[in-house]
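Next comes input.txt, with compact mmCIF, C-alpha atoms.
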# COMPACT_ATOMS: atom_id res chain seq x y z
CA MET A 1 18.38 -39.70 4.98
CA LYS A 2 20.99 -40.78 2.48
CA LEU A 3 19.55 -38.39 -0.09
CA ARG A 4 19.68 -35.56 2.43
CA ALA A 5 23.30 -36.35 3.23
CA CYS A 6 24.17 -36.34 -0.48
CA LEU A 7 22.39 -33.06 -1.04
CA GLY A 8 24.10 -31.53 1.99
CA LEU A 9 27.49 -32.67 0.76
CA LEU A 10 26.73 -31.36 -2.71
CA LEU A 11 25.73 -27.97 -1.32
CA LEU A 12 28.81 -27.86 0.90
CA CYS A 13 31.09 -28.67 -2.00
CA SER A 14 29.44 -26.15 -4.29
CA LEU A 15 29.70 -23.31 -1.76
CA PRO A 16 33.24 -22.28 -2.72
CA LEU A 17 32.18 -22.31 -6.39
CA VAL A 18 29.23 -20.06 -5.59
CA VAL A 19 31.47 -17.62 -3.73
CA HIS A 20 33.98 -17.67 -6.55
CA ALA A 21 31.26 -17.14 -9.13
CA ASP A 22 29.86 -14.26 -7.12
CA ASP A 23 33.26 -12.60 -6.84
CA SER A 24 33.90 -12.84 -10.53
CA GLN A 25 30.51 -11.45 -11.54
CA THR A 26 31.07 -7.81 -12.34
CA THR A 27 28.18 -7.29 -14.74
CA PRO A 28 24.50 -7.98 -14.19
CA PRO A 29 23.13 -11.14 -15.74
CA PRO A 30 21.22 -10.80 -19.01
CA ALA A 31 17.46 -10.39 -19.07
CA GLY A 32 15.67 -13.59 -18.24
CA ASP A 33 18.61 -15.06 -16.39
CA THR A 34 17.15 -16.37 -13.17
CA SER A 35 20.21 -18.26 -12.06
CA GLY A 36 21.85 -15.51 -10.03
CA ILE A 37 20.01 -12.60 -8.46
CA ALA A 38 16.54 -14.00 -8.94
CA ASP A 39 17.45 -17.21 -7.24
CA SER A 40 19.06 -15.42 -4.33
CA ILE A 41 15.74 -13.76 -3.44
CA GLY A 42 13.82 -16.94 -4.17
CA GLU A 43 16.19 -18.91 -1.97
CA TYR A 44 15.92 -16.26 0.71
CA LEU A 45 12.13 -16.58 0.73
CA LYS A 46 12.07 -20.36 0.73
CA GLY A 47 12.50 -20.61 4.47
CA GLN A 48 10.13 -19.72 7.27
CA SER A 49 10.49 -16.39 9.01
CA ILE A 50 9.45 -14.42 12.04
CA GLN A 51 9.07 -10.70 11.65
CA LEU A 52 9.40 -8.47 14.71
CA GLY A 53 8.99 -4.75 14.63
CA LEU A 54 7.04 -1.67 15.53
CA SER A 55 4.28 0.08 13.67
CA TYR A 56 2.15 3.16 14.05
CA ALA A 57 -1.36 1.89 13.53
CA GLN A 58 -4.94 2.89 14.03
CA GLY A 59 -7.61 0.37 14.95
CA THR A 60 -11.35 0.97 14.67
CA PHE A 61 -14.06 -1.21 16.20
CA LYS A 62 -17.54 -1.15 14.63
CA MET A 63 -20.94 -2.58 15.53
CA ARG A 64 -24.10 -2.00 13.53
CA LYS A 65 -27.72 -3.21 13.54
CA GLY A 66 -30.17 -1.37 11.32
CA ASN A 67 -29.57 2.33 11.81
CA THR A 68 -28.05 1.84 15.26
CA SER A 69 -24.29 1.86 15.24
CA SER A 70 -21.20 2.37 17.32
CA GLN A 71 -17.58 3.03 16.38
CA LEU A 72 -14.59 3.28 18.67
CA THR A 73 -10.99 3.94 17.73
CA ASP A 74 -7.63 4.14 19.46
CA ASP A 75 -6.73 7.40 17.67
CA GLY A 76 -3.47 5.76 16.54
CA ARG A 77 -0.87 4.08 18.70
CA ALA A 78 2.53 2.41 18.59
CA SER A 79 1.92 -1.27 18.12
CA PRO A 80 4.19 -4.34 18.03
CA LEU A 81 4.55 -6.17 14.74
CA ILE A 82 4.62 -9.94 15.22
CA ASN A 83 4.23 -12.06 12.10
CA TYR A 84 5.08 -15.63 11.23
CA THR A 85 5.45 -16.49 7.53
CA THR A 86 5.96 -19.84 5.86
CA GLY A 87 8.20 -20.31 2.84
CA GLU A 88 7.24 -18.95 -0.55
CA HIS A 89 5.26 -21.02 -3.06
CA VAL A 90 5.77 -19.72 -6.58
CA ILE A 91 2.70 -19.81 -8.81
CA GLY A 92 4.20 -17.98 -11.77
CA LYS A 93 7.35 -16.14 -12.68
CA LEU A 94 8.13 -13.44 -15.25
CA PRO A 95 11.85 -12.89 -15.84
CA MET A 96 12.84 -9.24 -15.67
CA LYS A 97 16.00 -7.34 -16.52
CA TYR A 98 17.17 -8.02 -12.97
CA GLY A 99 15.43 -10.81 -11.10
CA ASP A 100 11.80 -11.75 -11.54
CA ALA A 101 8.23 -10.62 -11.14
CA VAL A 102 6.79 -13.43 -9.06
CA LEU A 103 3.20 -14.35 -8.32
CA GLY A 104 3.38 -16.38 -5.16
CA TRP A 105 1.72 -17.26 -1.94
CA ASP A 106 2.64 -18.10 1.61
CA PHE A 107 0.83 -18.50 4.90
CA VAL A 108 0.91 -15.70 7.45
CA GLY A 109 0.02 -15.95 11.11
CA SER A 110 -0.16 -12.84 13.28
CA PHE A 111 -1.21 -11.54 16.66
CA GLY A 112 -3.05 -8.29 17.24
CA GLU A 113 -4.28 -6.27 20.19
CA GLN A 114 -7.24 -3.94 20.39
CA ASN A 115 -7.54 -1.03 22.79
CA THR A 116 -10.21 1.25 21.37
CA HIS A 117 -11.32 3.84 23.91
CA PHE A 118 -12.14 6.93 21.85
CA GLN A 119 -15.73 7.08 20.67
CA LEU A 120 -16.50 8.17 17.12
CA ASN A 121 -19.82 9.97 17.34
CA PRO A 122 -21.99 12.34 15.31
CA ASN A 123 -20.13 15.31 16.78
CA SER A 124 -16.61 13.98 16.34
CA SER A 125 -14.18 13.64 13.49
CA ALA A 126 -14.61 10.62 11.23
CA VAL A 127 -11.23 9.24 12.28
CA VAL A 128 -10.35 10.90 15.61
CA GLY A 129 -12.62 9.87 18.47
CA GLN A 130 -13.51 11.47 21.81
CA ASP A 131 -12.96 10.15 25.31
CA LEU A 132 -16.54 9.61 26.49
CA GLY A 133 -15.74 6.87 29.00
CA SER A 134 -16.59 4.10 26.56
CA LYS A 135 -14.10 1.48 25.46
CA VAL A 136 -13.71 -1.97 23.92
CA THR A 137 -10.57 -4.05 24.37
CA GLY A 138 -9.59 -7.40 22.96
CA ASP A 139 -7.04 -9.37 20.98
CA PHE A 140 -6.87 -11.85 18.16
CA LEU A 141 -4.78 -14.56 16.57
CA SER A 142 -5.08 -14.81 12.82
CA GLY A 143 -3.95 -17.07 10.03
CA ALA A 144 -4.38 -16.69 6.29
CA PRO A 145 -2.93 -17.82 2.98
CA PHE A 146 -1.47 -14.72 1.41
CA LEU A 147 -1.38 -14.19 -2.37
CA TYR A 148 1.10 -11.61 -3.61
CA MET A 149 3.17 -10.20 -6.41
CA ARG A 150 6.78 -9.34 -5.74
CA LEU A 151 9.30 -7.55 -7.91
CA GLY A 152 12.99 -7.47 -7.35
CA PRO A 153 15.72 -6.73 -6.84
CA VAL A 154 15.77 -2.97 -7.39
CA TYR A 155 19.53 -2.97 -7.89
CA PRO A 156 21.26 -6.00 -9.41
CA ASP A 157 23.49 -6.81 -6.46
CA SER A 158 21.10 -6.02 -3.63
CA ASP A 159 18.76 -8.09 -1.54
CA SER A 160 15.71 -5.91 -2.16
CA PHE A 161 12.19 -6.42 -3.39
CA TRP A 162 8.74 -4.84 -3.42
CA LEU A 163 5.67 -6.87 -2.59
CA PHE A 164 1.93 -6.29 -2.57
CA GLY A 165 -0.57 -8.92 -1.58
CA TYR A 166 -3.92 -9.91 -0.12
CA GLY A 167 -4.83 -12.69 2.25
CA ALA A 168 -8.11 -14.10 3.51
CA GLY A 169 -8.43 -16.54 6.39
CA VAL A 170 -9.74 -16.76 9.92
CA ALA A 171 -9.03 -15.09 13.23
CA VAL A 172 -9.81 -16.15 16.77
CA TYR A 173 -11.03 -12.90 18.28
CA HIS A 174 -12.44 -11.92 21.64
CA PHE A 175 -13.36 -8.57 23.07
CA SER A 176 -15.35 -6.85 25.78
CA GLY A 177 -16.36 -3.32 26.66
CA ASN A 178 -19.11 -0.75 26.86
CA PRO A 179 -19.53 1.10 23.56
CA ILE A 180 -22.04 3.90 23.07
CA PHE A 181 -24.59 3.20 20.34
CA TYR A 182 -26.19 6.00 18.33
CA THR A 183 -29.64 5.77 16.76
CA PRO A 184 -30.98 8.62 14.62
CA THR A 185 -34.67 9.21 15.35
CA GLY A 186 -36.12 12.07 13.36
CA ASN A 187 -34.03 15.16 14.07
CA THR A 188 -32.42 13.76 17.18
CA ILE A 189 -29.86 11.07 17.87
CA VAL A 190 -30.33 8.77 20.83
CA ALA A 191 -27.15 7.58 22.57
CA THR A 192 -27.22 4.34 24.57
CA SER A 193 -24.36 2.67 26.42
CA MET A 194 -24.45 -1.11 26.47
CA PRO A 195 -21.95 -3.74 27.64
CA VAL A 196 -20.77 -6.14 24.93
CA SER A 197 -18.45 -9.10 25.06
CA THR A 198 -17.63 -12.29 23.28
CA SER A 199 -15.53 -15.30 24.09
CA ALA A 200 -12.90 -16.37 21.55
CA GLU A 201 -14.81 -16.78 18.30
CA LEU A 202 -13.89 -17.26 14.68
CA PHE A 203 -14.10 -14.20 12.45
CA LEU A 204 -13.33 -13.73 8.76
CA TYR A 205 -9.82 -12.28 8.57
CA GLN A 206 -8.60 -10.23 5.60
CA THR A 207 -5.25 -8.55 5.26
CA TRP A 208 -3.44 -6.35 2.74
CA ARG A 209 0.26 -5.60 2.71
CA TRP A 210 2.43 -3.15 0.75
CA GLN A 211 6.00 -4.00 1.61
CA PHE A 212 9.47 -2.95 0.66
CA HIS A 213 12.29 -5.24 1.71
CA TYR A 214 15.98 -4.33 1.91
CA GLY A 215 18.50 -6.57 3.63
CA ASN A 216 16.71 -8.03 6.63
CA TRP A 217 14.55 -4.93 7.05
CA ASP A 218 11.04 -4.30 5.85
CA VAL A 219 8.88 -1.21 5.58
CA LEU A 220 5.25 -2.29 5.67
CA PHE A 221 1.89 -0.70 5.11
CA THR A 222 -0.61 -3.18 6.43
CA GLY A 223 -4.36 -3.44 6.65
CA LYS A 224 -6.22 -6.01 8.72
CA SER A 225 -9.94 -6.58 8.91
CA LEU A 226 -11.97 -8.90 11.14
CA SER A 227 -15.59 -9.21 10.11
CA GLY A 228 -18.38 -11.53 9.02
CA ARG A 229 -19.95 -12.23 12.39
CA LYS A 230 -22.85 -10.92 14.46
CA VAL A 231 -22.43 -10.34 18.18
CA ALA A 232 -25.64 -9.72 20.17
CA GLY A 233 -27.38 -9.23 16.82
CA TYR A 234 -24.92 -6.55 15.67
CA ASP A 235 -22.66 -6.87 12.62
CA THR A 236 -19.28 -6.60 14.27
CA SER A 237 -15.92 -5.75 12.75
CA TYR A 238 -12.48 -4.48 13.65
CA GLU A 239 -10.10 -2.78 11.20
CA ASP A 240 -6.48 -1.89 11.72
CA TYR A 241 -4.22 0.08 9.36
CA GLY A 242 -0.56 0.73 10.08
CA LEU A 243 2.86 1.73 8.84
CA GLY A 244 5.73 -0.19 10.38
CA LEU A 245 9.37 -1.15 10.34
CA ALA A 246 10.34 -4.74 11.04
CA TYR A 247 13.38 -7.00 11.18
CA THR A 248 13.02 -10.46 9.67
CA PHE A 249 14.56 -13.56 11.22
CA ARG A 250 14.75 -16.47 8.78
CA PHE A 251 15.19 -20.12 9.64
CA MET B 1 -12.44 27.88 -12.91
CA GLY B 2 -11.33 24.37 -12.06
CA ASN B 3 -11.60 23.15 -15.62
CA ALA B 4 -9.75 26.21 -16.86
CA SER B 5 -6.94 25.62 -14.35
CA MET B 6 -6.69 21.98 -15.25
CA GLY B 7 -6.62 22.94 -18.91
CA ARG B 8 -3.83 25.48 -18.32
CA ALA B 9 -1.85 22.93 -16.31
CA ALA B 10 -2.29 20.31 -19.01
CA ARG B 11 -1.25 22.74 -21.76
CA GLY B 12 1.78 23.85 -19.75
CA ALA B 13 2.83 20.29 -19.10
CA ALA B 14 2.33 19.34 -22.73
CA GLY B 15 4.53 22.28 -23.74
CA LEU B 16 7.17 21.21 -21.27
CA LEU B 17 7.10 17.65 -22.59
CA LEU B 18 7.35 18.89 -26.18
CA GLY B 19 10.31 21.01 -25.16
CA LEU B 20 11.97 18.02 -23.66
CA TRP B 21 11.49 16.14 -26.93
CA ALA B 22 14.29 18.29 -28.30
CA LEU B 23 16.56 17.10 -25.50
CA GLN B 24 15.68 13.50 -26.11
CA ALA B 25 18.40 11.07 -25.23
CA GLN B 26 18.50 7.44 -26.28
CA ALA B 27 19.56 6.17 -22.88
CA ALA B 28 17.83 3.03 -21.80
CA PRO B 29 15.77 3.37 -18.61
CA ASP B 30 16.93 1.33 -15.67
CA ASN B 31 15.91 0.14 -12.23
CA GLY B 32 16.03 2.55 -9.31
CA PHE B 33 14.25 4.65 -6.73
CA GLY B 34 12.54 7.87 -7.73
CA VAL B 35 11.19 10.84 -5.80
CA TYR B 36 8.68 13.33 -7.15
CA LEU B 37 7.32 16.81 -6.49
CA GLY B 38 4.33 18.07 -8.34
CA ALA B 39 1.00 19.79 -8.67
CA ILE B 40 -2.44 18.24 -8.66
CA SER B 41 -5.83 19.42 -9.79
CA SER B 42 -8.98 17.42 -9.22
CA ARG B 43 -12.69 17.55 -9.84
CA ASP B 44 -15.58 15.86 -8.11
CA ASN B 45 -19.18 15.88 -9.30
CA ALA B 46 -20.96 16.32 -5.96
CA LEU B 47 -18.79 16.67 -2.89
CA TYR B 48 -16.44 19.61 -3.35
CA GLY B 49 -16.28 20.71 -6.98
CA ASN B 50 -12.67 21.56 -7.82
CA SER B 51 -9.42 21.36 -5.90
CA HIS B 52 -5.77 22.31 -6.41
CA GLY B 53 -2.66 21.49 -4.48
CA GLY B 54 0.82 20.06 -4.27
CA LEU B 55 2.10 16.53 -3.97
CA ILE B 56 5.11 14.43 -3.10
CA GLY B 57 5.69 10.91 -4.30
CA ALA B 58 8.15 8.06 -4.51
CA ASP B 59 8.45 4.96 -6.65
CA ALA B 60 10.71 2.04 -7.43
CA GLN B 61 11.28 1.13 -11.05
CA PHE B 62 11.72 -2.50 -12.10
CA MET B 63 12.60 -3.00 -15.76
CA VAL B 64 10.94 -6.09 -17.17
CA ASN B 65 12.90 -5.68 -20.41
CA GLN B 66 14.02 -2.77 -22.61
CA THR B 67 10.46 -1.64 -23.34
CA TRP B 68 8.41 -2.41 -20.23
CA SER B 69 8.78 -1.51 -16.59
CA LEU B 70 6.70 -1.96 -13.45
CA ASN B 71 6.67 0.94 -11.00
CA PRO B 72 5.04 0.58 -7.59
CA TYR B 73 4.54 4.04 -6.13
CA LEU B 74 3.25 6.05 -3.18
CA LEU B 75 1.89 9.56 -3.35
CA LEU B 76 0.64 12.12 -0.81
CA ASP B 77 -1.03 15.41 -1.61
CA SER B 78 -2.65 18.38 0.05
CA GLU B 79 -5.42 20.27 -1.75
CA SER B 80 -7.68 23.24 -1.19
CA THR B 81 -11.22 23.09 -2.57
CA ASP B 82 -14.09 25.36 -3.59
CA GLN B 83 -15.78 24.40 -0.32
CA PRO B 84 -14.79 25.36 3.24
CA PHE B 85 -12.74 22.22 3.69
CA ASP B 86 -9.40 20.88 2.52
CA ILE B 87 -8.34 17.50 1.22
CA ASN B 88 -5.42 15.26 2.11
CA ASN B 89 -5.12 12.34 -0.24
CA GLY B 90 -2.85 9.31 -0.17
CA GLU B 91 -2.41 6.85 -2.99
CA GLY B 92 -0.48 3.64 -3.43
CA GLY B 93 -0.41 1.92 -6.78
CA LEU B 94 1.38 0.00 -9.47
CA GLN B 95 2.10 1.59 -12.83
CA ALA B 96 3.08 -0.37 -15.96
CA ARG B 97 5.20 1.73 -18.33
CA TYR B 98 5.78 1.15 -22.02
CA TRP B 99 9.04 2.84 -23.06
CA MET B 100 9.35 4.40 -26.49
CA ALA B 101 12.53 5.80 -28.01
CA GLY B 102 14.40 5.05 -24.80
CA SER B 103 13.36 8.01 -22.69
CA TRP B 104 9.62 8.41 -23.30
CA PHE B 105 6.93 6.30 -21.76
CA LEU B 106 3.19 5.70 -21.73
CA GLY B 107 1.70 4.06 -18.67
CA GLY B 108 -1.37 2.72 -17.00
CA GLN B 109 -1.86 2.35 -13.28
CA PHE B 110 -4.05 0.67 -10.70
CA LEU B 111 -4.18 2.26 -7.26
CA PHE B 112 -5.76 2.43 -3.86
CA HIS B 113 -6.49 5.78 -2.24
CA ASP B 114 -7.57 7.21 1.08
CA THR B 115 -9.01 10.70 0.82
CA LEU B 116 -9.48 12.73 3.99
CA LEU B 117 -11.81 15.74 4.03
CA LYS B 118 -10.65 18.24 6.68
CA GLN B 119 -12.44 21.23 8.07
CA GLY B 120 -10.82 23.37 10.74
CA GLY B 121 -8.17 20.75 11.35
CA THR B 122 -10.76 18.04 11.94
CA VAL B 123 -11.11 15.12 9.58
CA SER B 124 -14.80 14.94 8.80
CA ARG B 125 -14.70 12.06 6.35
CA SER B 126 -12.32 9.33 5.25
CA LEU B 127 -13.15 7.97 1.79
CA TYR B 128 -11.18 5.13 0.30
CA GLY B 129 -11.11 2.52 -2.44
CA PRO B 130 -9.50 1.49 -5.73
CA GLY B 131 -8.88 3.58 -8.83
CA ILE B 132 -7.32 3.48 -12.29
CA GLY B 133 -5.38 5.93 -14.43
CA VAL B 134 -3.01 6.63 -17.30
CA GLY B 135 0.30 8.43 -17.47
CA ALA B 136 2.94 9.66 -19.88
CA GLY B 137 6.34 11.19 -19.42
CA TRP B 138 10.00 11.53 -20.13
CA GLU B 139 12.94 10.32 -18.06
CA GLY B 140 16.34 11.41 -19.30
CA ASP B 141 19.96 10.41 -19.07
CA SER B 142 20.35 12.99 -16.31
CA HIS B 143 17.96 10.92 -14.15
CA TRP B 144 15.46 13.81 -14.10
CA SER B 145 11.92 13.19 -15.28
CA VAL B 146 8.72 15.01 -16.14
CA SER B 147 5.43 13.18 -16.30
CA LEU B 148 1.69 13.65 -16.45
CA ALA B 149 -0.87 11.35 -14.91
CA ALA B 150 -4.65 11.26 -14.75
CA ASN B 151 -6.64 9.06 -12.41
CA VAL B 152 -10.27 8.41 -11.68
CA PHE B 153 -11.81 6.77 -8.62
CA ARG B 154 -14.93 6.66 -6.50
CA LEU B 155 -15.05 8.55 -3.25
CA ALA B 156 -16.89 6.04 -1.10
CA GLY B 157 -16.98 5.59 2.65
CA THR B 158 -18.28 2.77 4.78
CA TYR B 159 -21.82 1.78 5.69
CA GLY B 160 -23.28 2.78 2.35
CA SER B 161 -22.49 6.50 2.52
CA THR B 162 -23.04 8.25 -0.80
CA ALA B 163 -20.28 7.82 -3.36
CA THR B 164 -19.11 10.29 -5.98
CA THR B 165 -16.46 10.14 -8.70
CA ARG B 166 -13.22 12.07 -8.51
CA SER B 167 -11.00 12.72 -11.52
CA GLU B 168 -7.53 14.15 -11.05
CA ALA B 169 -4.64 15.30 -13.17
CA MET B 170 -1.10 15.76 -11.93
CA LEU B 171 2.23 17.03 -13.16
CA LEU B 172 5.29 15.46 -11.59
CA ILE B 173 8.95 16.43 -11.67
CA GLY B 174 11.16 13.59 -10.49
CA TYR B 175 14.67 12.35 -9.94
CA ARG B 176 15.73 8.71 -9.99
CA TRP B 177 18.73 7.05 -8.44
CA GLY B 178 18.94 4.53 -11.21
CA GLY B 179 21.03 1.70 -12.53
CA THR B 180 23.79 0.11 -10.59
CA PRO B 181 24.47 2.37 -7.59
Write the structure described by the file as structure tokens, please.
Amino acid sequence: MKLRACLGLLLLCSLPLVVHADDSQTTPPPAGDTSGIADSIGEYLKGQSIQLGLSYAQGTFKMRKGNTSSQLTDDGRASPLINYTTGEHVIGKLPMKYGDAVLGWDFVGSFGEQNTHFQLNPNSSAVVGQDLGSKVTGDFLSGAPFLYMRLGPVYPDSDSFWLFGYGAGVAVYHFSGNPIFYTPTGNTIVATSMPVSTSAELFLYQTWRWQFHYGNWDVLFTGKSLSGRKVAGYDTSYEDYGLGLAYTFRF
Amino acid sequence: MGNASMGRAARGAAGLLLGLWALQAQAAPDNGFGVYLGAISSRDNALYGNSHGGLIGADAQFMVNQTWSLNPYLLLDSESTDQPFDINNGEGGLQARYWMAGSWFLGGQFLFHDTLLKQGGTVSRSLYGPGIGVGAGWEGDSHWSVSLAANVFRLAGTYGSTATTRSEAMLLIGYRWGGTP
């Protein structure tokens, strides 16, 4: 407690010096200097954050057993972006002309909804389904450690960085619906509708993110995959790819 | 036909780059956003043969030091093929550039792609995965750039669908909003 008070006082006292130093800095710091710009991004990412936004995403649900399979998609929809991220843990740092290239990790929790009601079938497009009366709906909560590389800032006096990373963890996922399964038999394809459902179960969760951050705003290309589990004997997975814009609240 | 076109494109680009050698400036490259327009030619050994088209792209350049930079980029293209279907291809990658004589660079990139095969407005296949490539170019004091890139990747779908290899070459003309804005 005493240590915290001392640190708080120290930070409070040093604030005017920081402001003064910032005002007087008219040229970018030399290469390898991580005391100014680099630290500002690092400091920014130290805290936890909640990211809220909107994305245009496409989700695809897949079940397969042998040569019998079913795929449903939502044909793309506006989808909320809700992510929680812990503070950054730096694994390694490479000083750059401005800022750093950082290999780091954090922990990301997210919520996702599934509303796939367009059937992908032998007569349809590979990515745009048809309304055949079949559908599968569900939702999931996921959590994963997320390993990434970030570069930044782009401009010496801006709060901007680029980030690409991959995370693997678990998701609690449940769904229900009545997909149509297709089984090729000789020259014909047999279509069978069958109800499927599962209570909340753990699935392997994988995510990819390509992100550009400027100010408190982020442009994100994201991929999410739930897989690694059989439901009613079928290998079951759900994939979701989206492009979104989000505002980040840090605390 | 495809090989001949790719050869002509490569020779033209090489000539352009040699021409720019004469305009070489010693300005140091800097951070910034870049946008690109260009042409692409690709070849595949089983699926469609040859393709040609146009592309748009964008990147952000992060100078590591005076001789190295890291450039994450995005690229979209539209191509027509020898077959009765067209291709839309998207790529996102990271290119490492080694800068020589200030304005010239050699690069290598790692990328992910999603390649859509379209027939009559309907996407018949979506093939995606990783790829690698090399690049070279010139970026001048005027912030304009000319570069060549060649990539290779597998065209593979899900559920064990057959995979083929695609090689592509592209010529890009770009402009960068660089340095301190």
request  = Rank A:Val154, A:Val90, A:Leu120, A:Val102 by their smallest atom-to-atom distance to chain B, using all atoms listed in the file, and report the top residue only.
outcome  =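 Distance minimum relative to chain B lands on A:Val154.
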task = Kindly determine which residues of chain A lie within 10 Å of chain B, considering only C-alpha atoms, and give the answer as number ranges by chain.
result = A: 27-28, 30-32, 64, 67, 69, 94-101, 123-128, 151-158, 161-164, 210, 212, 221
Residues within 7 Å of Gly137 in chain B, please, as an mmCIF file with C-alpha atoms, in the frame of the given file. Count all atoms listed in the file; anything in the same chain fewer than 5 positions from it doesn't count.
data_model
loop_
_atom_site.group_PDB
_atom_site.id
_atom_site.type_symbol
_atom_site.label_atom_id
_atom_site.label_comp_id
_atom_site.auth_asym_id
_atom_site.auth_seq_id
_atom_site.Cartn_x
_atom_site.Cartn_y
_atom_site.Cartn_z
ATOM 1 C CA TRP B 104 9.620 8.410 -23.300
ATOM 2 C CA PHE B 105 6.930 6.300 -21.760
ATOM 3 C CA LEU B 106 3.190 5.700 -21.730
ATOM 4 C CA VAL B 146 8.720 15.010 -16.140
ATOM 5 C CA SER B 147 5.430 13.180 -16.300
ATOM 6 C CA LEU B 148 1.690 13.650 -16.450
#
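Shortest atom-to-atom contact with His113 in chain B among B:Leu155, B:Gln95, B:Ser145, B:Ser78: B:Leu155, counting only C-alpha atoms.
The gap separating CA of Lys65 in chain A from CA of Lys224 in chain A is 22.2 Å, in Å to one decimal.
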Surrounding residues of Ser41 in chain B excluding itself and chain neighbours under 4 positions, 6 Å, only C-alpha atoms, as a list of chain:residue names =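 Selected residues are B:Ser51, B:His52, B:Glu168, B:Ala169.
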Nearest to Gly135 in chain B, chosen from B:Asp77, B:Ile56, B:Ala150, B:Thr165, with all atoms listed in the file counted in the distances =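 Closest residue, counting all atoms listed in the file: B:Ala150.
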Just the residues within 6 Å of Tyr241 in chain A, please, counting all atoms listed in the file, with nothing from its chain fewer than 5 positions along; format it as a PDB file with C-alpha atoms, in the frame of the given file.
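Contents of result.pdb, freshly written:
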ATOM      1  CA  ALA A  57      -1.360   1.890  13.530  1.00  0.00           C
ATOM      2  CA  GLN A  58      -4.940   2.890  14.030  1.00  0.00           C
ATOM      3  CA  THR A 222      -0.610  -3.180   6.430  1.00  0.00           C
ATOM      4  CA  GLY A 223      -4.360  -3.440   6.650  1.00  0.00           C
TER       5      GLY A 223
END
note = Here CA of Pro145 in chain A and CA of Ala200 in chain A stand apart by 21.1 Å
task = Name the residues, using the chain letters and numbers of the file, that sit within 8 Å of (-2.5, 15.6, -2.1) when counting only C-alpha atoms, and give them as a PyMOL selection string.
result = chain B and resi 40+53-56+75-79+87-90
inquiry  = Using Å and a single decimal, report how far CA of Phe107 in chain A sits from CA of Phe146 in chain A.
reply    =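 Between CA of Phe146 in chain A and CA of Phe107 in chain A the gap works out to 5.6 Å.
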Using only C-alpha atoms: which of A:Gly169, A:Gly112, A:Gly177, A:Gly104 has the shortest distance to Leu72 in chain A =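 With only C-alpha atoms as the atom set, the closest residue is A:Gly177.
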